[in-house]
$ cat target-v9.cif   # mmCIF, C-alpha atoms
data_input
#
loop_
_atom_site.label_atom_id
_atom_site.label_comp_id
_atom_site.auth_asym_id
_atom_site.auth_seq_id
_atom_site.Cartn_x
_atom_site.Cartn_y
_atom_site.Cartn_z
CA GLU A 1 54.39 98.30 -67.87
CA GLN A 2 51.91 95.63 -68.94
CA GLU A 3 54.26 92.99 -67.50
CA LEU A 4 54.64 94.87 -64.21
CA TYR A 5 50.93 95.41 -63.72
CA PRO A 6 49.10 92.51 -65.39
CA SER A 7 45.66 93.13 -66.81
CA VAL A 8 42.77 90.93 -65.68
CA ASN A 9 39.25 90.38 -66.95
CA VAL A 10 36.08 91.45 -65.17
CA PHE A 11 35.47 88.02 -63.63
CA ALA A 12 39.00 87.82 -62.19
CA ASN A 13 38.67 91.36 -60.88
CA LEU A 14 35.42 90.55 -59.07
CA THR A 15 36.43 87.15 -57.71
CA PHE A 16 40.18 87.82 -57.10
CA THR A 17 41.15 84.71 -59.06
CA TRP A 18 44.36 86.54 -60.01
CA MET A 19 45.50 85.62 -56.48
CA ASN A 20 45.01 81.88 -57.04
CA LYS A 21 48.64 81.25 -57.94
CA LEU A 22 49.92 82.93 -54.77
CA ILE A 23 47.30 81.22 -52.58
CA THR A 24 48.02 77.77 -54.05
CA GLN A 25 51.77 78.17 -53.74
CA THR A 26 51.49 79.40 -50.14
CA TYR A 27 49.19 76.48 -49.28
CA HIS A 28 51.64 73.88 -50.64
CA ASP A 29 54.75 75.54 -49.16
CA LYS A 30 53.00 76.29 -45.82
CA LYS A 31 54.52 79.78 -45.99
CA ILE A 32 55.06 82.69 -48.34
CA LYS A 33 58.07 81.74 -50.43
CA ASP A 34 59.55 85.23 -50.80
CA PRO A 35 57.69 87.96 -48.84
CA HIS A 36 60.04 90.62 -50.22
CA HIS A 37 59.09 89.89 -53.84
CA MET A 38 55.33 89.47 -53.83
CA PRO A 39 53.51 89.43 -57.18
CA LEU A 40 52.10 92.82 -58.07
CA PRO A 41 48.31 93.26 -58.10
CA PRO A 42 46.59 94.31 -61.34
CA ILE A 43 46.59 97.99 -60.38
CA ASP A 44 49.12 100.71 -61.04
CA LEU A 45 49.67 102.95 -58.01
CA ASN A 46 52.08 105.28 -59.74
CA ILE A 47 52.85 107.92 -57.12
CA ARG A 48 54.83 109.98 -59.61
CA ASP A 49 51.77 110.44 -61.81
CA ALA A 50 49.54 111.03 -58.78
CA THR A 51 51.93 113.70 -57.50
CA LYS A 52 51.96 115.49 -60.85
CA GLN A 53 48.17 115.40 -60.95
CA LEU A 54 47.81 116.80 -57.42
CA GLN A 55 50.49 119.44 -58.03
CA SER A 56 48.60 120.61 -61.11
CA LYS A 57 45.33 120.94 -59.15
CA TRP A 58 47.15 122.67 -56.28
CA GLU A 59 48.71 125.19 -58.67
CA ASN A 60 45.24 125.93 -60.03
CA GLU A 61 44.01 126.55 -56.49
CA LYS A 62 46.91 128.91 -55.75
CA TRP A 63 46.41 130.71 -59.04
CA SER A 64 42.71 131.26 -58.26
CA GLY A 65 43.55 132.52 -54.77
CA ARG A 66 41.47 129.90 -52.93
CA ASN A 67 44.42 127.80 -51.65
CA SER A 68 42.05 124.95 -50.78
CA LEU A 69 43.91 121.68 -50.33
CA LEU A 70 40.59 119.86 -49.88
CA LYS A 71 39.34 121.02 -53.27
CA ALA A 72 42.66 120.18 -54.91
CA LEU A 73 42.52 116.65 -53.49
CA PHE A 74 38.93 116.21 -54.57
CA ASN A 75 39.63 117.48 -58.09
CA ALA A 76 42.59 115.09 -58.37
CA PHE A 77 41.08 111.95 -56.83
CA GLY A 78 37.37 112.75 -56.54
CA LYS A 79 36.32 110.48 -59.41
CA THR A 80 37.72 107.39 -57.73
CA ILE A 81 36.29 108.41 -54.34
CA LEU A 82 32.80 109.07 -55.75
CA MET A 83 32.83 105.73 -57.57
CA ALA A 84 33.77 103.95 -54.34
CA ILE A 85 31.09 105.82 -52.37
CA ALA A 86 28.48 104.91 -54.99
CA LEU A 87 29.35 101.21 -54.71
CA GLU A 88 29.19 101.29 -50.91
CA THR A 89 25.88 103.20 -50.99
CA VAL A 90 24.34 100.51 -53.19
CA LYS A 91 25.73 97.92 -50.78
CA ASP A 92 24.08 99.76 -47.87
CA PHE A 93 20.71 99.63 -49.63
CA ILE A 94 21.17 95.90 -50.23
CA ALA A 95 22.03 95.41 -46.54
CA VAL A 96 18.70 97.03 -45.65
CA ILE A 97 16.73 95.01 -48.22
CA GLN A 98 18.14 91.64 -47.09
CA PRO A 99 16.16 91.50 -43.79
CA GLN A 100 12.95 92.11 -45.76
CA PHE A 101 13.60 89.05 -47.91
CA LEU A 102 14.55 87.09 -44.80
CA ARG A 103 11.21 88.04 -43.22
CA LEU A 104 9.40 86.82 -46.33
CA PHE A 105 11.40 83.60 -46.25
CA ILE A 106 10.45 82.99 -42.60
CA GLU A 107 6.78 83.76 -43.37
CA PHE A 108 6.91 81.18 -46.15
CA PHE A 109 7.03 78.41 -43.51
CA ASN A 110 3.70 79.61 -42.15
CA GLU A 111 0.90 77.34 -43.33
CA ASP A 112 -1.50 80.25 -43.94
CA TYR A 113 1.08 82.00 -46.13
CA ARG A 114 1.89 78.85 -48.10
CA ARG A 115 -1.78 78.26 -48.94
CA GLY A 116 -1.94 81.50 -50.91
CA HIS A 117 1.47 81.28 -52.60
CA SER A 118 3.25 78.84 -54.85
CA GLU A 119 6.05 76.62 -53.61
CA LEU A 120 8.36 78.35 -56.06
CA ASN A 121 8.03 81.57 -54.07
CA GLY A 122 10.23 80.13 -51.32
CA LEU A 123 12.82 79.04 -53.87
CA PHE A 124 12.90 82.48 -55.48
CA ILE A 125 13.18 84.21 -52.11
CA ALA A 126 16.09 81.96 -51.08
CA LEU A 127 17.76 82.60 -54.46
CA ALA A 128 17.27 86.35 -54.01
CA LEU A 129 18.90 86.19 -50.57
CA PHE A 130 21.88 84.35 -52.04
CA LEU A 131 22.26 86.79 -54.93
CA LEU A 132 21.94 89.83 -52.67
CA ASN A 133 24.61 88.47 -50.36
CA LEU A 134 26.89 87.72 -53.34
CA ILE A 135 26.40 91.18 -54.86
CA SER A 136 26.92 92.83 -51.47
CA THR A 137 30.24 91.02 -51.01
CA CYS A 138 31.46 91.99 -54.50
CA LEU A 139 30.46 95.63 -53.99
CA SER A 140 32.17 95.74 -50.59
CA ASN A 141 35.41 94.31 -52.02
CA GLN A 142 35.43 96.76 -54.93
CA PHE A 143 34.71 99.64 -52.54
CA PHE A 144 37.74 98.86 -50.41
CA ILE A 145 39.98 98.47 -53.46
CA LEU A 146 38.91 101.81 -54.94
CA ILE A 147 38.96 103.77 -51.67
CA PHE A 148 42.39 102.43 -50.71
CA GLU A 149 43.64 103.20 -54.21
CA ALA A 150 42.54 106.82 -53.76
CA GLY A 151 43.80 106.95 -50.16
CA LEU A 152 47.25 105.58 -50.96
CA SER A 153 47.55 107.87 -53.98
CA MET A 154 46.70 110.85 -51.76
CA ARG A 155 49.14 109.81 -49.09
CA GLY A 156 52.00 109.19 -51.50
CA SER A 157 51.47 112.40 -53.47
CA LEU A 158 51.14 114.56 -50.34
CA MET A 159 54.28 113.05 -48.81
CA SER A 160 56.12 113.66 -52.06
CA MET A 161 54.97 117.28 -52.21
CA VAL A 162 55.94 117.94 -48.59
CA TYR A 163 59.34 116.38 -49.20
CA GLN A 164 59.91 118.42 -52.36
CA LYS A 165 58.84 121.58 -50.53
CA SER A 166 61.23 120.84 -47.65
CA LEU A 167 64.14 120.66 -50.09
CA ASN A 168 63.35 124.16 -51.37
CA LEU A 169 62.97 125.90 -48.01
CA SER A 170 65.00 129.05 -47.47
CA VAL A 171 67.32 129.50 -44.50
CA SER A 172 64.79 131.63 -42.62
CA ALA A 173 62.02 129.11 -43.30
CA ARG A 174 64.20 126.27 -42.03
CA GLU A 175 64.60 128.13 -38.75
CA GLN A 176 60.81 128.22 -38.34
CA LYS A 177 60.19 124.62 -39.42
CA SER A 178 62.30 121.96 -37.76
CA THR A 179 62.96 118.52 -39.18
CA GLY A 180 60.57 117.08 -36.60
CA ASP A 181 57.74 119.32 -37.82
CA ILE A 182 58.30 118.20 -41.41
CA LEU A 183 58.40 114.53 -40.42
CA ASN A 184 55.23 115.05 -38.40
CA LEU A 185 53.49 116.48 -41.47
CA MET A 186 54.56 113.50 -43.58
CA SER A 187 53.81 110.75 -41.07
CA VAL A 188 50.83 112.00 -39.03
CA ASP A 189 48.95 114.79 -40.81
CA VAL A 190 49.08 113.11 -44.21
CA LEU A 191 47.79 109.87 -42.66
CA LYS A 192 44.86 111.76 -41.07
CA ILE A 193 43.89 113.18 -44.47
CA GLN A 194 44.06 109.69 -45.97
CA ARG A 195 41.88 108.23 -43.19
CA PHE A 196 39.33 111.04 -43.55
CA PHE A 197 38.71 110.31 -47.21
CA GLU A 198 38.75 106.53 -46.65
CA ASN A 199 36.00 106.90 -44.02
CA SER A 200 34.06 109.61 -45.87
CA GLN A 201 31.44 107.13 -47.06
CA THR A 202 30.05 106.96 -43.52
CA ILE A 203 28.87 110.56 -43.87
CA ILE A 204 26.54 109.46 -46.67
CA GLY A 205 25.92 105.82 -45.83
CA ALA A 206 24.98 106.17 -42.15
CA PRO A 207 22.04 108.61 -42.67
CA ILE A 208 20.72 106.53 -45.57
CA GLN A 209 20.80 103.35 -43.48
CA LEU A 210 19.16 105.11 -40.54
CA VAL A 211 16.30 106.55 -42.62
CA VAL A 212 15.60 103.33 -44.53
CA VAL A 213 15.70 101.20 -41.37
CA LEU A 214 13.34 103.58 -39.56
CA ILE A 215 10.91 103.47 -42.49
CA SER A 216 11.06 99.67 -42.51
CA LEU A 217 10.43 99.52 -38.77
CA TYR A 218 7.51 101.91 -39.06
CA ILE A 219 5.93 99.77 -41.78
CA LEU A 220 6.44 96.66 -39.63
CA LEU A 221 5.66 98.00 -36.13
CA GLY A 222 3.63 101.14 -36.79
CA ASN A 223 3.50 103.84 -34.12
CA ALA A 224 5.54 101.69 -31.72
CA THR A 225 8.61 102.81 -33.69
CA ILE A 226 8.08 106.41 -32.56
CA GLY A 227 7.92 105.28 -28.94
CA GLY A 228 11.20 103.43 -29.36
CA LEU A 229 12.85 106.49 -30.89
CA VAL A 230 11.67 108.71 -28.05
CA THR A 231 13.02 106.21 -25.50
CA MET A 232 16.39 106.10 -27.27
CA ALA A 233 16.55 109.90 -27.41
CA ILE A 234 15.87 110.12 -23.65
CA MET A 235 18.54 107.53 -22.85
CA ILE A 236 21.28 109.14 -25.01
CA PRO A 237 22.44 111.69 -22.36
#

$ encode --input "target-v9.cif" --output "structure tokens"
Amino acid sequence: EQELYPSVNVFANLTFTWMNKLITQTYHDKKIKDPHHMPLPPIDLNIRDATKQLQSKWENEKWSGRNSLLKALFNAFGKTILMAIALETVKDFIAVIQPQFLRLFIEFFNEDYRRGHSELNGLFIALALFLLNLISTCLSNQFFILIFEAGLSMRGSLMSMVYQKSLNLSVSAREQKSTGDILNLMSVDVLKIQRFFENSQTIIGAPIQLVVVLISLYILLGNATIGGLVTMAIMIP
């Protein structure tokens, strides 16, 4: 298993240097040498284990009488989803902070501002902008890796459970559920559940960005921010 899914260090995981061999080879060959045998990434998406995990949580839900698929999915894959959401939330805060540093950097070129501050201030502000952008990129990449890991695990395990259930249907149940309905569950409904969890961070991230941006605008523009909000509210309909 270690040979199938190679382990990488923290630096390689953050910078994707484990892809260097593939990128270099593709650059020299001007094409992907064998698209049907791509090197495996350093992550184990074992659908068999994911299915067993989800089946266990689903059995617990049925035993308790709740029959909540949402809770079963969250109990099975919630840790990965919450970790991804936390990374993206930090990235959202950084995205809001960056314009504040950019404003300070622009003010640094003002002669009145430079008289009261050291020349090193501009260097530190520029360095902070660079580091914030670098951290934001790393957090965004890790968010997508984690959320797609959870989403693909959900999709694979749900498809597997639907398929296993279809094999055990009775004759009367088969008359009520056609093959098309089962395929629709596996191809469409399962994909919708995957997309919901992959986009769930917006539910948390969007309000945070809105509130922080409004506070920043109020500090910068004062009461004029309220007038702008009222105008936007009137123009929405």

$ residues_near_point --input "target-v9.cif" --point "(29.7, 106.6, -49.7)" --cutoff "7 Å" --atoms "only C-alpha atoms" --output "mmCIF file with C-alpha atoms, in the frame of the given file"
data_model
loop_
_atom_site.group_PDB
_atom_site.id
_atom_site.type_symbol
_atom_site.label_atom_id
_atom_site.label_comp_id
_atom_site.auth_asym_id
_atom_site.auth_seq_id
_atom_site.Cartn_x
_atom_site.Cartn_y
_atom_site.Cartn_z
ATOM 1 C CA ALA A 84 33.770 103.950 -54.340
ATOM 2 C CA ILE A 85 31.090 105.820 -52.370
ATOM 3 C CA ALA A 86 28.480 104.910 -54.990
ATOM 4 C CA GLU A 88 29.190 101.290 -50.910
ATOM 5 C CA THR A 89 25.880 103.200 -50.990
ATOM 6 C CA SER A 200 34.060 109.610 -45.870
ATOM 7 C CA GLN A 201 31.440 107.130 -47.060
ATOM 8 C CA THR A 202 30.050 106.960 -43.520
ATOM 9 C CA ILE A 204 26.540 109.460 -46.670
ATOM 10 C CA GLY A 205 25.920 105.820 -45.830
#

$ residues_around --input "target-v9.cif" --residues "Arg195 (chain A)" --least-positions-apart "6" --cutoff "12 Å" --atoms "all atoms listed in the file" --output "number ranges by chain"
A: 147-148, 150-152, 154-155, 188-189, 201-202

$ closest_residue --input "target-v9.cif" --among "A:Thr137, A:Met161, A:Phe109, A:Glu198" --to "Ile81 (chain A)" --atoms "all atoms listed in the file"
A:Glu198

$ residues_near_point --input "target-v9.cif" --point "(11.6, 83.6, -49.6)" --cutoff "6 Å" --atoms "all atoms listed in the file" --output "NGL selection string"
:A and (104-105 or 122 or 125-126)

$ residues_around --input "target-v9.cif" --residues "region 94-96 of chain A" --least-positions-apart "4" --cutoff "9 Å" --atoms "only C-alpha atoms" --output "compact mmCIF listing (two decimals) with C-alpha atoms, keeping the file's coordinate frame"
# COMPACT_ATOMS: atom_id res chain seq x y z
CA THR A 89 25.88 103.20 -50.99
CA VAL A 90 24.34 100.51 -53.19
CA GLN A 100 12.95 92.11 -45.76
CA LEU A 132 21.94 89.83 -52.67
CA ASN A 133 24.61 88.47 -50.36
CA ILE A 135 26.40 91.18 -54.86
CA SER A 136 26.92 92.83 -51.47
CA GLN A 209 20.80 103.35 -43.48
CA VAL A 212 15.60 103.33 -44.53
CA VAL A 213 15.70 101.20 -41.37
CA SER A 216 11.06 99.67 -42.51

$ atom_distance --input "target-v9.cif" --atom1 "CA of Tyr113 (chain A)" --atom2 "CA of Ile215 (chain A)"
23.9 Å

$ residues_around --input "target-v9.cif" --residues "Leu45 (chain A)" --least-positions-apart "5" --cutoff "10 Å" --atoms "all atoms listed in the file" --output "list in words"
Tyr5, Ala50, Glu149, Ala150, Leu152, Ser153 and Gly156 of chain A

$ atom_distance --input "target-v9.cif" --atom1 "CA of Ala72 (chain A)" --atom2 "CA of Lys57 (chain A)"
5.1 Å

$ residues_around --input "target-v9.cif" --residues "Tyr218 (chain A)" --least-positions-apart "6" --cutoff "12 Å" --atoms "only C-alpha atoms" --output "MDAnalysis selection string"
chainID A and resid 211:212 224:229

$ closest_residue --input "target-v9.cif" --among "A:Cys138, A:Ser64, A:Leu87, A:Leu123" --to "Asn13 (chain A)" --atoms "all atoms listed in the file"
A:Cys138

$ atom_distance --input "target-v9.cif" --atom1 "CA of Lys52 (chain A)" --atom2 "CA of Ser157 (chain A)"
8.0 Å

$ closest_residue --input "target-v9.cif" --among "A:Ser178, A:Asn75, A:Thr51, A:Ser187" --to "Gln164 (chain A)" --atoms "only C-alpha atoms"
A:Thr51

$ decode --input "target-v9.cif" --residues "region 206-220 of chain A" --atoms "all heavy atoms" --output "PDB file, in the first residue's frame"
ATOM      1  N   ALA A 206     -19.400  33.164   3.155  1.00  0.00           N
ATOM      2  CA  ALA A 206     -20.031  34.364   2.581  1.00  0.00           C
ATOM      3  C   ALA A 206     -20.481  35.358   3.657  1.00  0.00           C
ATOM      4  O   ALA A 206     -20.178  36.557   3.554  1.00  0.00           O
ATOM      5  CB  ALA A 206     -21.200  33.955   1.683  1.00  0.00           C
ATOM      6  N   PRO A 207     -21.205  34.927   4.712  1.00  0.00           N
ATOM      7  CA  PRO A 207     -21.577  35.906   5.755  1.00  0.00           C
ATOM      8  C   PRO A 207     -20.378  36.526   6.457  1.00  0.00           C
ATOM      9  O   PRO A 207     -20.398  37.716   6.790  1.00  0.00           O
ATOM     10  CB  PRO A 207     -22.423  35.067   6.732  1.00  0.00           C
ATOM     11  CG  PRO A 207     -22.916  33.923   5.933  1.00  0.00           C
ATOM     12  CD  PRO A 207     -21.836  33.620   4.954  1.00  0.00           C
ATOM     13  N   ILE A 208     -19.330  35.723   6.684  1.00  0.00           N
ATOM     14  CA  ILE A 208     -18.144  36.265   7.350  1.00  0.00           C
ATOM     15  C   ILE A 208     -17.504  37.344   6.489  1.00  0.00           C
ATOM     16  O   ILE A 208     -17.160  38.438   6.975  1.00  0.00           O
ATOM     17  CB  ILE A 208     -17.139  35.130   7.634  1.00  0.00           C
ATOM     18  CG1 ILE A 208     -17.680  34.188   8.711  1.00  0.00           C
ATOM     19  CG2 ILE A 208     -15.793  35.702   8.068  1.00  0.00           C
ATOM     20  CD1 ILE A 208     -16.801  33.003   8.987  1.00  0.00           C
ATOM     21  N   GLN A 209     -17.353  37.066   5.189  1.00  0.00           N
ATOM     22  CA  GLN A 209     -16.775  38.062   4.290  1.00  0.00           C
ATOM     23  C   GLN A 209     -17.630  39.324   4.241  1.00  0.00           C
ATOM     24  O   GLN A 209     -17.107  40.445   4.249  1.00  0.00           O
ATOM     25  CB  GLN A 209     -16.626  37.469   2.891  1.00  0.00           C
ATOM     26  CG  GLN A 209     -15.453  36.524   2.737  1.00  0.00           C
ATOM     27  CD  GLN A 209     -15.268  36.081   1.298  1.00  0.00           C
ATOM     28  OE1 GLN A 209     -16.231  35.790   0.598  1.00  0.00           O
ATOM     29  NE2 GLN A 209     -14.039  36.011   0.849  1.00  0.00           N
ATOM     30  N   LEU A 210     -18.946  39.146   4.180  1.00  0.00           N
ATOM     31  CA  LEU A 210     -19.843  40.299   4.097  1.00  0.00           C
ATOM     32  C   LEU A 210     -19.720  41.175   5.330  1.00  0.00           C
ATOM     33  O   LEU A 210     -19.599  42.407   5.223  1.00  0.00           O
ATOM     34  CB  LEU A 210     -21.282  39.807   3.929  1.00  0.00           C
ATOM     35  CG  LEU A 210     -22.368  40.898   3.826  1.00  0.00           C
ATOM     36  CD1 LEU A 210     -22.123  41.765   2.601  1.00  0.00           C
ATOM     37  CD2 LEU A 210     -23.751  40.264   3.785  1.00  0.00           C
ATOM     38  N   VAL A 211     -19.744  40.565   6.520  1.00  0.00           N
ATOM     39  CA  VAL A 211     -19.680  41.338   7.762  1.00  0.00           C
ATOM     40  C   VAL A 211     -18.340  42.061   7.892  1.00  0.00           C
ATOM     41  O   VAL A 211     -18.294  43.258   8.209  1.00  0.00           O
ATOM     42  CB  VAL A 211     -19.922  40.413   8.972  1.00  0.00           C
ATOM     43  CG1 VAL A 211     -19.645  41.162  10.277  1.00  0.00           C
ATOM     44  CG2 VAL A 211     -21.352  39.888   8.967  1.00  0.00           C
ATOM     45  N   VAL A 212     -17.245  41.348   7.625  1.00  0.00           N
ATOM     46  CA  VAL A 212     -15.917  41.964   7.783  1.00  0.00           C
ATOM     47  C   VAL A 212     -15.711  43.092   6.773  1.00  0.00           C
ATOM     48  O   VAL A 212     -15.162  44.143   7.106  1.00  0.00           O
ATOM     49  CB  VAL A 212     -14.823  40.886   7.640  1.00  0.00           C
ATOM     50  CG1 VAL A 212     -13.440  41.521   7.685  1.00  0.00           C
ATOM     51  CG2 VAL A 212     -14.950  39.843   8.737  1.00  0.00           C
ATOM     52  N   VAL A 213     -16.177  42.883   5.541  1.00  0.00           N
ATOM     53  CA  VAL A 213     -16.031  43.926   4.524  1.00  0.00           C
ATOM     54  C   VAL A 213     -16.850  45.153   4.892  1.00  0.00           C
ATOM     55  O   VAL A 213     -16.392  46.302   4.730  1.00  0.00           O
ATOM     56  CB  VAL A 213     -16.452  43.381   3.136  1.00  0.00           C
ATOM     57  CG1 VAL A 213     -16.597  44.513   2.135  1.00  0.00           C
ATOM     58  CG2 VAL A 213     -15.419  42.378   2.632  1.00  0.00           C
ATOM     59  N   LEU A 214     -18.069  44.941   5.396  1.00  0.00           N
ATOM     60  CA  LEU A 214     -18.902  46.080   5.793  1.00  0.00           C
ATOM     61  C   LEU A 214     -18.274  46.851   6.950  1.00  0.00           C
ATOM     62  O   LEU A 214     -18.318  48.086   6.981  1.00  0.00           O
ATOM     63  CB  LEU A 214     -20.304  45.593   6.178  1.00  0.00           C
ATOM     64  CG  LEU A 214     -21.196  45.126   5.028  1.00  0.00           C
ATOM     65  CD1 LEU A 214     -22.521  44.610   5.555  1.00  0.00           C
ATOM     66  CD2 LEU A 214     -21.426  46.248   4.024  1.00  0.00           C
ATOM     67  N   ILE A 215     -17.681  46.132   7.900  1.00  0.00           N
ATOM     68  CA  ILE A 215     -17.006  46.807   9.007  1.00  0.00           C
ATOM     69  C   ILE A 215     -15.813  47.612   8.501  1.00  0.00           C
ATOM     70  O   ILE A 215     -15.590  48.765   8.912  1.00  0.00           O
ATOM     71  CB  ILE A 215     -16.560  45.777  10.064  1.00  0.00           C
ATOM     72  CG1 ILE A 215     -17.783  45.143  10.739  1.00  0.00           C
ATOM     73  CG2 ILE A 215     -15.668  46.443  11.111  1.00  0.00           C
ATOM     74  CD1 ILE A 215     -17.435  44.026  11.702  1.00  0.00           C
ATOM     75  N   SER A 216     -15.063  47.029   7.572  1.00  0.00           N
ATOM     76  CA  SER A 216     -13.917  47.747   7.004  1.00  0.00           C
ATOM     77  C   SER A 216     -14.353  48.994   6.247  1.00  0.00           C
ATOM     78  O   SER A 216     -13.721  50.053   6.355  1.00  0.00           O
ATOM     79  CB  SER A 216     -13.125  46.813   6.074  1.00  0.00           C
ATOM     80  OG  SER A 216     -12.654  45.687   6.767  1.00  0.00           O
ATOM     81  N   LEU A 217     -15.428  48.874   5.482  1.00  0.00           N
ATOM     82  CA  LEU A 217     -15.938  50.037   4.755  1.00  0.00           C
ATOM     83  C   LEU A 217     -16.441  51.116   5.701  1.00  0.00           C
ATOM     84  O   LEU A 217     -16.263  52.313   5.440  1.00  0.00           O
ATOM     85  CB  LEU A 217     -17.062  49.596   3.808  1.00  0.00           C
ATOM     86  CG  LEU A 217     -16.638  48.832   2.547  1.00  0.00           C
ATOM     87  CD1 LEU A 217     -17.867  48.373   1.776  1.00  0.00           C
ATOM     88  CD2 LEU A 217     -15.762  49.703   1.655  1.00  0.00           C
ATOM     89  N   TYR A 218     -17.073  50.689   6.795  1.00  0.00           N
ATOM     90  CA  TYR A 218     -17.583  51.682   7.747  1.00  0.00           C
ATOM     91  C   TYR A 218     -16.433  52.430   8.411  1.00  0.00           C
ATOM     92  O   TYR A 218     -16.522  53.648   8.636  1.00  0.00           O
ATOM     93  CB  TYR A 218     -18.450  50.986   8.799  1.00  0.00           C
ATOM     94  CG  TYR A 218     -19.106  51.951   9.757  1.00  0.00           C
ATOM     95  CD1 TYR A 218     -20.249  52.661   9.385  1.00  0.00           C
ATOM     96  CD2 TYR A 218     -18.567  52.171  11.028  1.00  0.00           C
ATOM     97  CE1 TYR A 218     -20.834  53.554  10.259  1.00  0.00           C
ATOM     98  CE2 TYR A 218     -19.147  53.067  11.905  1.00  0.00           C
ATOM     99  CZ  TYR A 218     -20.293  53.757  11.520  1.00  0.00           C
ATOM    100  OH  TYR A 218     -20.874  54.649  12.381  1.00  0.00           O
ATOM    101  N   ILE A 219     -15.357  51.702   8.730  1.00  0.00           N
ATOM    102  CA  ILE A 219     -14.195  52.365   9.328  1.00  0.00           C
ATOM    103  C   ILE A 219     -13.563  53.343   8.334  1.00  0.00           C
ATOM    104  O   ILE A 219     -13.113  54.428   8.710  1.00  0.00           O
ATOM    105  CB  ILE A 219     -13.165  51.307   9.771  1.00  0.00           C
ATOM    106  CG1 ILE A 219     -13.743  50.455  10.906  1.00  0.00           C
ATOM    107  CG2 ILE A 219     -11.863  51.963  10.209  1.00  0.00           C
ATOM    108  CD1 ILE A 219     -12.853  49.297  11.322  1.00  0.00           C
ATOM    109  N   LEU A 220     -13.581  52.982   7.048  1.00  0.00           N
ATOM    110  CA  LEU A 220     -12.934  53.807   6.028  1.00  0.00           C
ATOM    111  C   LEU A 220     -13.821  54.961   5.565  1.00  0.00           C
ATOM    112  O   LEU A 220     -13.346  56.090   5.404  1.00  0.00           O
ATOM    113  CB  LEU A 220     -12.558  52.936   4.829  1.00  0.00           C
ATOM    114  CG  LEU A 220     -11.783  53.614   3.698  1.00  0.00           C
ATOM    115  CD1 LEU A 220     -10.439  54.109   4.204  1.00  0.00           C
ATOM    116  CD2 LEU A 220     -11.593  52.667   2.531  1.00  0.00           C
TER     117      LEU A 220
END
